[in-house]
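As provided, query_23.txt (compact mmCIF, C-alpha atoms) reads as follows.
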```
# COMPACT_ATOMS: atom_id res chain seq x y z
CA MET Y 1 3.97 16.18 -15.99
CA VAL Y 2 1.50 13.80 -17.59
CA LEU Y 3 -0.92 16.60 -18.28
CA GLU Y 4 1.83 18.73 -19.71
CA TYR Y 5 2.85 15.91 -21.98
CA LYS Y 6 -0.72 15.37 -23.14
CA ALA Y 7 -1.21 19.07 -23.68
CA GLN Y 8 1.84 19.05 -25.90
CA VAL Y 9 0.55 16.05 -27.82
CA ILE Y 10 -2.84 17.64 -28.37
CA LEU Y 11 -1.24 20.91 -29.37
CA ASP Y 12 1.13 19.16 -31.77
CA ARG Y 13 -1.70 17.28 -33.42
CA PHE Y 14 -3.76 20.41 -33.61
CA MET Y 15 -0.99 22.40 -35.25
CA LYS Y 16 -0.22 19.58 -37.62
CA ARG Y 17 -3.86 19.31 -38.59
CA ARG Y 18 -4.18 23.02 -39.18
CA TYR Y 19 -1.06 23.03 -41.26
CA THR Y 20 -2.21 20.09 -43.35
CA THR Y 21 -5.63 21.55 -43.97
CA LEU Y 22 -4.04 24.80 -45.03
CA HIS Y 23 -1.57 22.94 -47.15
CA GLU Y 24 -4.35 21.00 -48.82
CA GLN Y 25 -6.28 24.13 -49.55
CA CYS Y 26 -3.20 25.74 -51.03
CA SER Y 27 -2.38 22.75 -53.14
CA ASN Y 28 -5.95 22.56 -54.37
CA ALA Y 29 -5.95 26.21 -55.29
CA THR Y 30 -2.60 26.49 -57.01
CA ASN Y 31 -2.36 23.56 -59.35
CA THR Y 32 -0.36 24.81 -62.21
CA MET Y 33 2.43 22.34 -62.79
CA GLY Y 34 1.99 18.76 -63.89
CA SER Y 35 3.78 16.65 -61.36
CA ASP Y 36 3.58 19.19 -58.56
CA SER Y 37 -0.15 19.40 -58.82
CA MET Y 38 -0.80 16.16 -57.04
CA ILE Y 39 0.28 16.29 -53.45
CA ILE Y 40 -0.44 13.22 -51.43
CA SER Y 41 -0.99 13.86 -47.77
CA MET Y 42 -0.70 10.97 -45.36
CA GLU Y 43 -2.21 13.15 -42.62
CA SER Y 44 -5.45 13.78 -44.47
CA THR Y 45 -8.67 11.95 -43.64
CA VAL Y 46 -9.14 11.57 -47.41
CA PRO Y 47 -8.08 8.08 -48.57
CA ILE Y 48 -4.98 7.99 -50.76
CA TYR Y 49 -6.82 6.59 -53.80
CA ILE Y 50 -9.36 9.42 -53.60
CA GLN Y 51 -6.49 11.89 -53.40
CA ILE Y 52 -5.08 10.30 -56.55
CA ALA Y 53 -8.43 10.61 -58.34
CA GLN Y 54 -8.79 14.21 -57.24
CA GLY Y 55 -5.25 14.97 -58.38
CA ILE Y 56 -5.99 13.64 -61.86
CA GLU Y 57 -9.25 15.62 -61.93
CA ASN Y 58 -7.35 18.76 -60.99
CA ASP Y 59 -4.92 18.19 -63.82
CA ILE Y 60 -7.85 17.81 -66.22
CA ILE Y 61 -9.64 20.99 -65.18
CA ASN Y 62 -6.36 22.89 -65.19
CA GLY Y 63 -5.63 21.77 -68.72
CA ILE Y 64 -2.51 19.79 -67.83
CA LEU Y 65 -4.25 16.65 -69.06
CA ILE Y 66 -6.15 17.18 -72.29
CA GLU Y 67 -9.38 15.57 -73.42
CA ASN Y 68 -8.95 12.67 -75.83
CA GLU Y 69 -5.23 12.57 -75.03
CA SER Y 70 -3.39 10.14 -72.79
CA ALA Y 71 -3.58 10.31 -69.00
CA TYR Y 72 -1.23 8.90 -66.36
CA SER Y 73 -0.85 5.17 -66.07
CA GLN Y 74 -1.07 3.23 -62.84
CA TYR Y 75 2.68 2.66 -62.92
CA GLN Y 76 3.52 6.28 -63.64
CA ILE Y 77 1.54 7.36 -60.58
CA SER Y 78 2.93 4.56 -58.47
CA ARG Y 79 6.49 5.46 -59.42
CA GLU Y 80 6.07 9.20 -59.11
CA TYR Y 81 4.51 9.07 -55.67
CA GLN Y 82 6.11 5.86 -54.45
CA ILE Y 83 2.81 4.26 -53.61
CA ASN Y 84 1.52 0.74 -54.06
CA PRO Y 85 0.36 0.25 -57.67
CA ALA Y 86 -2.94 -1.23 -56.45
CA THR Y 87 -3.71 2.06 -54.70
CA ALA Y 88 -2.93 3.98 -57.88
CA ALA Y 89 -5.15 1.64 -59.89
CA LYS Y 90 -7.99 2.15 -57.44
CA GLY Y 91 -7.77 5.91 -57.95
CA ILE Y 92 -7.80 5.55 -61.73
CA ASN Y 93 -10.69 3.07 -61.62
CA ILE Y 94 -12.94 5.53 -59.82
CA LEU Y 95 -12.49 7.92 -62.73
CA VAL Y 96 -13.05 5.15 -65.28
CA GLN Y 97 -16.31 4.25 -63.57
CA GLU Y 98 -17.37 7.88 -63.65
CA GLY Y 99 -16.52 8.05 -67.35
CA ILE Y 100 -13.82 10.67 -66.85
CA LEU Y 101 -11.05 8.38 -68.05
CA PHE Y 102 -11.25 5.48 -70.47
CA LYS Y 103 -8.90 2.75 -71.56
CA LYS Y 104 -7.73 2.57 -75.15
CA ARG Y 105 -6.65 -0.93 -75.91
CA GLY Y 106 -2.88 -1.16 -76.12
CA LEU Y 107 -2.46 2.56 -75.54
CA GLY Y 108 -3.42 2.98 -71.91
CA MET Y 109 -5.56 5.52 -70.12
CA PHE Y 110 -7.14 8.48 -71.93
CA VAL Y 111 -9.13 11.52 -70.85
CA SER Y 112 -12.74 11.30 -72.04
CA ILE Y 113 -14.26 14.03 -74.14
CA GLY Y 114 -16.34 16.24 -71.89
CA ALA Y 115 -14.38 15.15 -68.79
CA GLY Y 116 -13.58 18.72 -67.74
CA GLY Y 117 -17.24 19.74 -67.77
CA ALA Y 118 -18.30 16.61 -65.90
CA ILE Y 119 -15.71 17.22 -63.18
CA LYS Y 120 -16.76 20.86 -62.78
CA ARG Y 121 -20.41 19.85 -62.47
CA LYS Y 122 -19.52 17.29 -59.83
CA ARG Y 123 -17.28 19.73 -57.96
CA LYS Y 124 -19.97 22.40 -58.01
CA GLU Y 125 -22.33 20.03 -56.31
CA ILE Y 126 -19.72 19.23 -53.66
CA PHE Y 127 -19.04 22.93 -53.34
CA PHE Y 128 -22.68 23.59 -52.63
CA ASN Y 129 -23.25 20.64 -50.32
CA THR Y 130 -20.02 20.59 -48.36
CA THR Y 131 -17.82 23.62 -48.84
CA ILE Y 132 -20.60 26.15 -48.34
CA ASP Y 133 -21.87 24.13 -45.43
CA ASN Y 134 -18.50 24.28 -43.66
CA PHE Y 135 -18.21 27.91 -44.57
CA MET Y 136 -21.59 28.72 -43.05
CA GLN Y 137 -20.79 26.74 -39.90
CA GLU Y 138 -17.60 28.71 -39.42
CA ALA Y 139 -19.45 31.97 -40.05
CA LYS Y 140 -22.00 30.97 -37.43
CA LYS Y 141 -19.22 30.23 -34.97
CA LEU Y 142 -17.81 33.70 -35.55
CA SER Y 143 -21.29 35.28 -35.37
CA ILE Y 144 -21.11 36.63 -38.90
CA ASP Y 145 -24.66 37.10 -40.15
CA LYS Y 146 -25.81 36.59 -43.74
CA LYS Y 147 -25.83 40.29 -44.50
CA GLU Y 148 -22.25 40.71 -43.36
CA LEU Y 149 -21.31 37.56 -45.22
CA LYS Y 150 -22.76 38.88 -48.48
CA ARG Y 151 -20.90 42.15 -47.97
CA MET Y 152 -17.67 40.21 -47.44
CA ILE Y 153 -18.19 38.21 -50.63
CA ASP Y 154 -18.94 41.37 -52.61
CA GLU Y 155 -15.83 43.04 -51.22
CA TYR Y 156 -13.64 40.03 -51.82
CA GLU Y 157 -11.28 40.96 -54.57
CA GLU Y 158 -10.14 38.31 -56.94
CA GLU Y 159 -6.44 38.31 -57.42
CA MET I 1 -4.41 -18.61 -55.03
CA ASN I 2 -3.19 -18.14 -51.50
CA VAL I 3 0.54 -18.03 -50.98
CA ILE I 4 0.36 -18.55 -47.24
CA THR I 5 -2.33 -20.37 -45.28
CA THR I 6 -1.99 -21.23 -41.64
CA GLN I 7 -4.38 -23.24 -39.56
CA SER I 8 -4.26 -23.12 -35.76
CA LEU I 9 -0.54 -22.54 -36.15
CA THR I 10 1.01 -22.68 -32.70
CA LYS I 11 4.61 -22.26 -31.67
CA LYS I 12 5.79 -22.55 -28.09
CA TYR I 13 9.25 -21.79 -26.78
CA LYS I 14 9.21 -23.64 -23.45
CA ASP I 15 6.36 -21.95 -21.63
CA ILE I 16 6.17 -18.92 -23.92
CA ILE I 17 3.45 -19.07 -26.57
CA ALA I 18 4.78 -17.13 -29.55
CA LEU I 19 2.00 -18.10 -31.95
CA ASP I 20 -1.37 -19.01 -30.51
CA GLU I 21 -3.71 -20.93 -32.85
CA PHE I 22 -2.79 -18.50 -35.59
CA ASN I 23 -5.02 -18.42 -38.69
CA ILE I 24 -4.29 -16.40 -41.77
CA SER I 25 -4.45 -16.48 -45.58
CA ILE I 26 -2.18 -14.29 -47.67
CA PRO I 27 -3.12 -13.88 -51.35
CA GLU I 28 -0.71 -13.77 -54.25
CA ASN I 29 1.28 -10.81 -55.58
CA LYS I 30 0.58 -8.26 -52.91
CA ILE I 31 2.91 -6.25 -50.73
CA ILE I 32 1.84 -7.02 -47.19
CA GLY I 33 2.94 -5.22 -44.05
CA LEU I 34 3.23 -7.30 -40.90
CA ILE I 35 3.05 -5.15 -37.82
CA GLY I 36 2.97 -5.82 -34.12
CA LYS I 37 4.76 -4.85 -30.94
CA ASN I 38 8.03 -6.40 -29.89
CA GLY I 39 7.28 -9.97 -28.89
CA ALA I 40 3.95 -10.10 -30.73
CA GLY I 41 5.12 -13.09 -32.76
CA LYS I 42 6.12 -11.42 -36.06
CA THR I 43 9.50 -13.06 -36.46
CA THR I 44 8.21 -16.45 -35.31
CA LEU I 45 5.45 -16.30 -37.91
CA LEU I 46 7.85 -15.31 -40.69
CA LYS I 47 10.33 -18.00 -39.71
CA ALA I 48 7.55 -20.60 -39.71
CA CYS I 49 6.50 -19.43 -43.20
CA ALA I 50 10.08 -19.63 -44.42
CA GLY I 51 10.52 -23.13 -43.03
CA ARG I 52 13.19 -22.00 -40.61
CA ILE I 53 11.40 -23.36 -37.57
CA ARG I 54 9.01 -26.22 -36.99
CA GLN I 55 5.65 -25.43 -35.41
CA THR I 56 4.56 -26.98 -32.14
CA SER I 57 1.13 -27.76 -33.57
CA GLY I 58 -1.21 -26.65 -36.34
CA GLU I 59 -0.33 -26.16 -39.97
CA VAL I 60 1.44 -23.73 -42.28
CA LYS I 61 1.16 -24.18 -46.03
CA ILE I 62 3.12 -22.21 -48.58
CA PHE I 63 1.88 -22.43 -52.18
CA GLY I 64 -0.43 -25.15 -50.90
CA GLU I 65 2.32 -27.35 -49.51
CA LYS I 66 3.97 -27.97 -46.17
CA VAL I 67 7.10 -25.87 -45.99
CA PHE I 68 9.34 -27.42 -43.34
CA ASP I 69 12.03 -29.61 -44.95
CA ASN I 70 10.34 -29.24 -48.34
CA LEU I 71 12.98 -28.20 -50.88
CA ASP I 72 10.41 -27.70 -53.62
CA VAL I 73 8.70 -24.97 -51.68
CA LEU I 74 11.83 -23.60 -50.04
CA SER I 75 13.24 -22.88 -53.50
CA LYS I 76 10.46 -20.33 -53.98
CA ILE I 77 11.18 -18.37 -50.82
CA VAL I 78 13.74 -15.79 -49.85
CA PHE I 79 13.86 -14.85 -46.19
CA VAL I 80 15.98 -11.96 -45.06
CA ASP I 81 16.47 -10.90 -41.46
CA GLU I 82 19.07 -9.22 -39.29
CA GLU I 83 20.49 -12.48 -38.04
CA SER I 84 21.84 -13.65 -41.40
CA GLN I 85 24.99 -15.53 -40.50
CA TYR I 86 27.84 -16.22 -42.88
CA ASP I 87 31.21 -17.79 -42.40
CA ASP I 88 33.67 -15.33 -40.83
CA SER I 89 35.97 -15.54 -43.83
CA PHE I 90 33.24 -14.48 -46.29
CA ARG I 91 33.71 -11.29 -48.24
CA VAL I 92 30.83 -9.30 -49.69
CA LYS I 93 31.42 -10.74 -53.17
CA ASP I 94 31.39 -14.33 -51.80
CA ILE I 95 27.97 -13.77 -50.31
CA PHE I 96 26.59 -12.49 -53.61
CA ALA I 97 28.24 -15.34 -55.52
CA LEU I 98 26.57 -17.78 -53.16
CA ALA I 99 23.21 -16.05 -53.52
CA ALA I 100 23.54 -16.17 -57.31
CA CYS I 101 23.94 -19.97 -57.13
CA TYR I 102 21.25 -20.45 -54.55
CA TYR I 103 18.38 -18.44 -56.01
CA GLN I 104 17.22 -19.61 -59.44
CA SER I 105 15.77 -16.29 -60.51
CA TRP I 106 18.68 -14.21 -59.21
CA ASP I 107 19.07 -10.96 -61.17
CA ASP I 108 22.81 -10.33 -61.24
CA ASP I 109 22.58 -7.15 -63.33
CA LEU I 110 20.38 -5.55 -60.72
CA ALA I 111 22.59 -6.86 -57.91
CA GLN I 112 25.69 -5.27 -59.45
CA LYS I 113 23.82 -2.01 -59.94
CA LEU I 114 22.68 -1.97 -56.33
CA ILE I 115 26.13 -2.86 -54.99
CA LYS I 116 27.46 0.14 -56.87
CA HIS I 117 24.55 2.30 -55.80
CA PHE I 118 25.06 1.53 -52.12
CA ALA I 119 28.85 1.82 -52.55
CA LEU I 120 29.52 -1.58 -50.99
CA LYS I 121 33.13 -2.76 -51.15
CA GLN I 122 33.11 -6.24 -52.69
CA THR I 123 36.38 -7.31 -51.09
CA GLN I 124 35.42 -6.32 -47.57
CA LYS I 125 34.69 -9.05 -45.04
CA TYR I 126 31.01 -9.26 -44.16
CA LYS I 127 31.60 -9.55 -40.41
CA LYS I 128 33.56 -6.28 -40.45
CA LEU I 129 30.72 -4.33 -42.08
CA SER I 130 28.71 -1.84 -40.08
CA ARG I 131 25.11 -2.68 -39.08
CA GLY I 132 23.75 -0.52 -41.90
CA MET I 133 26.10 -2.04 -44.49
CA LYS I 134 25.11 -5.57 -43.46
CA THR I 135 21.47 -4.57 -43.83
CA GLN I 136 22.20 -3.27 -47.32
CA VAL I 137 23.79 -6.58 -48.32
CA ASN I 138 20.72 -8.44 -47.07
CA ILE I 139 18.33 -6.07 -48.79
CA ILE I 140 20.09 -6.62 -52.11
CA ILE I 141 19.73 -10.37 -51.61
CA GLY I 142 16.07 -10.02 -50.70
CA ILE I 143 15.27 -8.00 -53.81
CA CYS I 144 17.55 -9.63 -56.39
CA ALA I 145 16.58 -13.20 -55.43
CA ARG I 146 13.18 -12.26 -56.86
CA MET I 147 11.43 -15.18 -55.24
CA PRO I 148 7.64 -15.69 -55.54
CA LEU I 149 7.53 -15.33 -51.76
CA THR I 150 9.85 -12.62 -50.50
CA ILE I 151 9.97 -12.21 -46.74
CA LEU I 152 11.76 -9.22 -45.29
CA ASP I 153 11.92 -9.18 -41.50
CA GLU I 154 12.74 -5.67 -40.28
CA PRO I 155 14.66 -4.93 -43.48
CA THR I 156 15.69 -1.40 -42.59
CA LEU I 157 17.49 -1.85 -39.26
CA GLY I 158 20.44 0.47 -38.95
CA LEU I 159 19.66 2.38 -42.14
CA ASP I 160 19.40 6.15 -42.14
CA ALA I 161 16.26 7.83 -43.42
CA ALA I 162 17.67 8.57 -46.87
CA VAL I 163 18.78 4.98 -47.51
CA ARG I 164 15.45 3.66 -46.20
CA LYS I 165 13.59 5.83 -48.68
CA ASP I 166 15.93 4.65 -51.39
CA PHE I 167 15.24 1.05 -50.47
CA TYR I 168 11.44 1.52 -50.51
CA ASN I 169 11.74 3.07 -53.95
CA ILE I 170 13.89 0.26 -55.34
CA LEU I 171 11.61 -2.40 -53.85
CA LEU I 172 8.48 -0.81 -55.29
CA ARG I 173 9.97 -0.45 -58.77
CA ASP I 174 11.22 -4.00 -58.82
CA TYR I 175 7.83 -5.21 -57.59
CA MET I 176 6.11 -3.38 -60.45
CA ASN I 177 8.40 -5.01 -62.99
CA HIS I 178 8.19 -8.41 -61.34
CA PRO I 179 5.03 -8.77 -59.24
CA ARG I 180 5.37 -11.23 -56.39
CA THR I 181 4.26 -11.67 -52.81
CA ILE I 182 6.33 -9.51 -50.52
CA ILE I 183 5.90 -9.50 -46.75
CA ILE I 184 7.63 -6.75 -44.82
CA SER I 185 7.65 -6.60 -41.07
CA SER I 186 8.50 -3.23 -39.68
CA HIS I 187 7.72 -0.99 -36.77
CA LEU I 188 8.02 2.08 -38.99
CA LEU I 189 4.45 1.79 -40.19
CA ASN I 190 4.25 5.47 -41.10
CA GLU I 191 7.11 4.93 -43.54
CA ILE I 192 6.02 1.72 -45.19
CA GLU I 193 2.23 2.03 -45.28
CA ILE I 194 2.24 3.83 -48.61
CA LEU I 195 4.01 0.82 -50.20
CA LEU I 196 1.54 -1.69 -48.85
CA GLU I 197 -1.67 -3.14 -50.16
CA ASP I 198 -2.72 -4.97 -46.99
CA ILE I 199 -1.82 -4.70 -43.33
CA VAL I 200 -1.67 -7.64 -40.99
CA LEU I 201 -1.66 -6.57 -37.36
CA ILE I 202 -0.76 -9.22 -34.84
CA ASP I 203 -0.72 -9.14 -31.07
CA LYS I 204 0.11 -11.79 -28.48
CA GLY I 205 0.50 -14.46 -31.15
CA LYS I 206 -2.88 -13.85 -32.78
CA VAL I 207 -4.18 -11.92 -35.77
CA LEU I 208 -5.83 -8.70 -34.65
CA MET I 209 -6.54 -7.39 -38.14
CA ASN I 210 -5.89 -8.35 -41.76
CA VAL I 211 -7.25 -5.55 -43.94
CA PRO I 212 -6.45 -3.32 -46.92
CA VAL I 213 -4.30 -0.37 -45.86
CA GLU I 214 -7.05 2.08 -46.72
CA GLU I 215 -9.40 0.36 -44.33
CA PHE I 216 -6.80 0.55 -41.59
CA ARG I 217 -6.24 4.25 -42.24
CA ASN I 218 -9.97 4.91 -41.96
CA TYR I 219 -10.57 2.60 -39.02
CA SER I 220 -10.69 5.39 -36.48
CA VAL I 221 -11.13 9.14 -36.06
CA ALA I 222 -10.21 11.56 -33.31
CA LEU I 223 -12.75 13.97 -31.91
CA VAL I 224 -11.42 17.03 -30.14
CA GLY I 225 -13.51 19.54 -28.24
CA GLU I 226 -15.60 20.30 -25.20
CA SER I 227 -15.45 17.45 -22.66
CA THR I 228 -19.07 17.18 -21.44
CA PHE I 229 -20.47 17.13 -24.94
CA LEU I 230 -17.94 14.57 -26.17
CA LYS I 231 -18.36 12.33 -23.15
CA GLU I 232 -22.08 12.16 -23.87
CA PHE I 233 -21.49 11.61 -27.59
CA VAL I 234 -19.03 8.72 -27.26
CA GLN I 235 -21.17 6.80 -24.77
CA ASP I 236 -22.36 4.27 -27.36
CA LYS I 237 -19.13 4.36 -29.36
CA GLU I 238 -16.08 2.15 -29.23
CA VAL I 239 -13.42 4.35 -27.62
CA LEU I 240 -9.82 3.42 -28.42
CA ASP I 241 -8.08 6.21 -26.57
CA GLU I 242 -8.97 9.27 -24.56
CA SER I 243 -7.13 12.19 -23.08
CA SER I 244 -8.19 15.51 -21.67
CA LEU I 245 -6.88 18.91 -20.88
CA GLY I 246 -9.05 21.17 -18.72
CA ASN I 247 -12.45 21.36 -20.40
CA ALA I 248 -11.23 19.89 -23.66
CA SER I 249 -11.02 16.20 -24.45
CA LYS I 250 -9.77 14.09 -27.25
CA TYR I 251 -11.45 10.77 -27.98
CA VAL I 252 -10.20 8.32 -30.56
CA ILE I 253 -13.17 6.22 -31.63
CA LYS I 254 -13.94 3.59 -34.22
CA ASN I 255 -14.94 5.41 -37.38
CA GLU I 256 -18.62 4.58 -37.51
CA ILE I 257 -20.07 8.06 -37.32
CA THR I 258 -22.82 8.87 -39.79
CA GLU I 259 -23.02 12.00 -41.94
CA LYS I 260 -25.77 13.25 -39.65
CA GLU I 261 -23.58 12.76 -36.60
CA LYS I 262 -20.73 14.48 -38.37
CA LYS I 263 -22.87 17.57 -38.94
CA HIS I 264 -23.98 17.45 -35.34
CA LEU I 265 -20.34 17.35 -34.21
CA VAL I 266 -19.23 20.16 -36.48
CA SER I 267 -22.11 22.39 -35.42
CA ASN I 268 -21.00 21.83 -31.83
CA SER I 269 -17.47 22.98 -32.65
CA ILE I 270 -15.98 19.52 -32.43
CA ASP I 271 -12.88 19.05 -34.54
CA ILE I 272 -12.83 15.73 -36.43
CA GLN I 273 -9.29 14.62 -37.11
CA SER I 274 -7.66 11.72 -38.86
CA VAL I 275 -5.62 9.22 -36.88
CA SER I 276 -2.33 8.11 -38.37
CA SER I 277 -1.85 4.38 -38.90
CA GLN I 278 1.11 4.46 -36.55
CA ASP I 279 -1.00 5.98 -33.77
CA LEU I 280 -3.86 3.56 -34.40
CA PHE I 281 -1.39 0.69 -34.15
CA ILE I 282 -0.32 1.99 -30.74
CA TYR I 283 -3.93 2.46 -29.54
CA LEU I 284 -4.89 -1.04 -30.62
CA THR I 285 -1.96 -2.82 -29.06
CA SER I 286 -1.14 -0.92 -25.88
CA LYS I 287 -2.90 -0.84 -22.57
CA GLY I 288 -4.19 2.60 -21.69
CA GLY I 289 -4.04 4.14 -18.26
CA PHE I 290 -0.42 3.25 -17.57
CA TYR I 291 0.86 6.84 -17.48
CA GLU I 292 -1.81 7.88 -14.98
CA GLU I 293 0.06 5.92 -12.33
CA PHE I 294 3.12 8.15 -12.50
```

Serialized structure, structure tokens:
Amino acid sequence: MVLEYKAQVILDRFMKRRYTTLHEQCSNATNTMGSDSMIISMESTVPIYIQIAQGIENDIINGILIENESAYSQYQISREYQINPATAAKGINILVQEGILFKKRGLGMFVSIGAGGAIKRKRKEIFFNTTIDNFMQEAKKLSIDKKELKRMIDEYEEE
Amino acid sequence: MNVITTQSLTKKYKDIIALDEFNISIPENKIIGLIGKNGAGKTTLLKACAGRIRQTSGEVKIFGEKVFDNLDVLSKIVFVDEESQYDDSFRVKDIFALAACYYQSWDDDLAQKLIKHFALKQTQKYKKLSRGMKTQVNIIIGICARMPLTILDEPTLGLDAAVRKDFYNILLRDYMNHPRTIIISSHLLNEIEILLEDIVLIDKGKVLMNVPVEEFRNYSVALVGESTFLKEFVQDKEVLDESSLGNASKYVIKNEITEKEKKHLVSNSIDIQSVSSQDLFIYLTSKGGFYEEF
């Protein structure tokens, strides 16, 4: 009985995790609409304020937020996602520190000129250091060698 | 400035120690979640902060002053719990009329809006209301009183999921317009954590943790995979929970693994998972091994 219960718990968690990861990947890939683009996942290991920062970045590289035009305020984010305003501010502050957003006095947050390029450069680095790493690990697990991998990438058709 | 400071605060009910040399400081204008198991001392702490009970020993200061029997300080506090008692003859409108007199910064516009929103009948007697309706009355008082120290003890008892969500939304919006210190005790941590800035976890009358929510969320990780490997790996780690199924195990450990260790885990097909705040709360406050006896 106990074992059965535990098995169920582990299975549940596992399924949930898989679903969330998938969900995250989907939401990262298909950001097209303003307010739908940011999906906050409580299940993710990524802190909420980082998710907020990433959501804003996504909206910048997808052209929903435009350089030298206004970005979301702390209160807009807090209201929209029903999260503590301090958490929202923390997310915004990361981007201010990185120079992606800046504050115009009396007018609120704005997207810096060149923000899109800066985000893409940063993401590329993460892509190389983390995403490819995970990708290669998984390939190793499945015994896919480099040659086969290259063939798969070549054959991969962009939609 | 700290809104609440306690020093060796102790409260005994006969031979039960509800608060045991309790020390805490709560800063201004944050939404704080107070969590703990039944009987951990949550309500006793809140009542002591609201001046409803007198401590056995130690000290509790609110806005730098002693709170018990101190009208100056009491006029800055609203305390809402499930036990709110009113005269049997009181109708809903009487209670709100009383609250409007009692709380200096009472927002009557908002109160009327919320009464309408929750479809409360003003002429109905309070004692005849359902559990959920009573809770709604108390929630309206808690929010509309707009006191610098707002204490909500289990504010969502008897409310269905939709109304709870509604309440969280209203509370958050009003907090943004009128920042103040709000303390919410709840056992539905998964529901309220997103509203909170800090979490205070108490157990057996003592503070176990007082940290920003984000820190709490990242306090632990779960490792799932092959048992022998994991057993070896967690040897020098702080294990909070473990379970196994055949050759697979799951260990919840304190999140102190380095990037190098992470790579090592991943290359050994170990799945690293997040642990929900609610689950962490259970791991930190419950004794393991109980189910094995069945």

Counting all atoms listed in the file, the residue of Y:Ile52, Y:Ala118, Y:Met109, Y:Met42 that sits nearest chain I: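 Among the listed residues, Y:Met42 lies closest to chain I.
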
Taking only C-alpha atoms into account, which residues of chain Y are within 6 Å of chain I, as a ChimeraX atom specification? /Y:45,83-84

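Relative to atom CA of Lys93 of chain I, atom CA of Asp81 of chain I is found at 19.0 Å.
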
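Interatomic distance, atom CA of Ile100 of chain Y to atom CA of Glu259 of chain I: 26.6 Å.
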
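Our summary of the geometry notes that atom CA of Thr156 of chain I is positioned 28.9 Å from atom CA of Asn70 of chain I.
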
Give as a ChimeraX atom specification every residue, naming chains and numbers as the document does, that has an atom within 12 Å of (-9.9, 11.1, -55.9), counting all atoms listed in the file. /Y:38-40,46-59,87-96,98,100,119,123

Choose the residue, out of I:Val137, I:Ala111, I:Ala40, I:Ile202, that has the smallest atom-to-atom separation from Gln85 of chain I; count only C-alpha atoms. I:Val137

Could you write out as lines of an AutoDock Vina configuration file the box around segment 185-203 of chain I (axis-aligned, all atoms listed in the file, 8 Å on each side), with centre and edge lengths in Å to one decimal?
```
center_x = 2.9
center_y = -1.9
center_z = -40.6
size_x = 27.2
size_y = 30.7
size_z = 35.1
```

Just the residues within 12 Å of segment 120-124 of chain I, please, counting all atoms listed in the file, with nothing from its chain fewer than 2 positions along; format it as number ranges by chain. I: 88-97, 111-118, 126-130, 132-138, 140

I want to know what sits within 6 Å of segment 178-183 of chain I, based on only C-alpha atoms, with residues of the same chain fewer than 5 positions away left out; could you give that as a VMD selection string? chain I and resid 28 to 33 148 to 151

Nearest to Val67 of chain I, chosen from I:Thr258, I:Thr5, I:Ser105, I:Thr43, with all atoms listed in the file counted in the distances: I:Thr5

Surrounding residues of Lys37 of chain I excluding itself and chain neighbours under 6 positions, 8 Å, all atoms listed in the file, as a ChimeraX atom specification: /I:187,203,285

May I have the residues at most 9 Å from (6.9, -16.4, -34.5) in the file's coordinates, counting all atoms listed in the file, as a list in words? Thr10, Lys11, Lys12, Ala18, Leu19, Gly39, Ala40, Gly41, Lys42, Thr43, Thr44, Leu45, Leu46, Lys47, Ala48, Ile53 and Gly205 of chain I

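Residue nearest Met147 of chain I within the list I:Leu280, I:Ala50, I:Ile4, I:Val78: I:Val78 [criterion: smallest interatomic distance, all atoms listed in the file].
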
Of the candidates Y:Gly117, Y:Lys140, Y:Ser41, Y:Arg105, which one gets nearest to Ser70 of chain Y if we count only C-alpha atoms?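 For Ser70 of chain Y, the nearest of the candidates is Y:Arg105.
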
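Considering the residues I:Gly64, I:Asp198, I:Asn247, I:Trp106 and counting all atoms listed in the file, Asn210 of chain I has its shortest atom-to-atom contact with I:Asp198.
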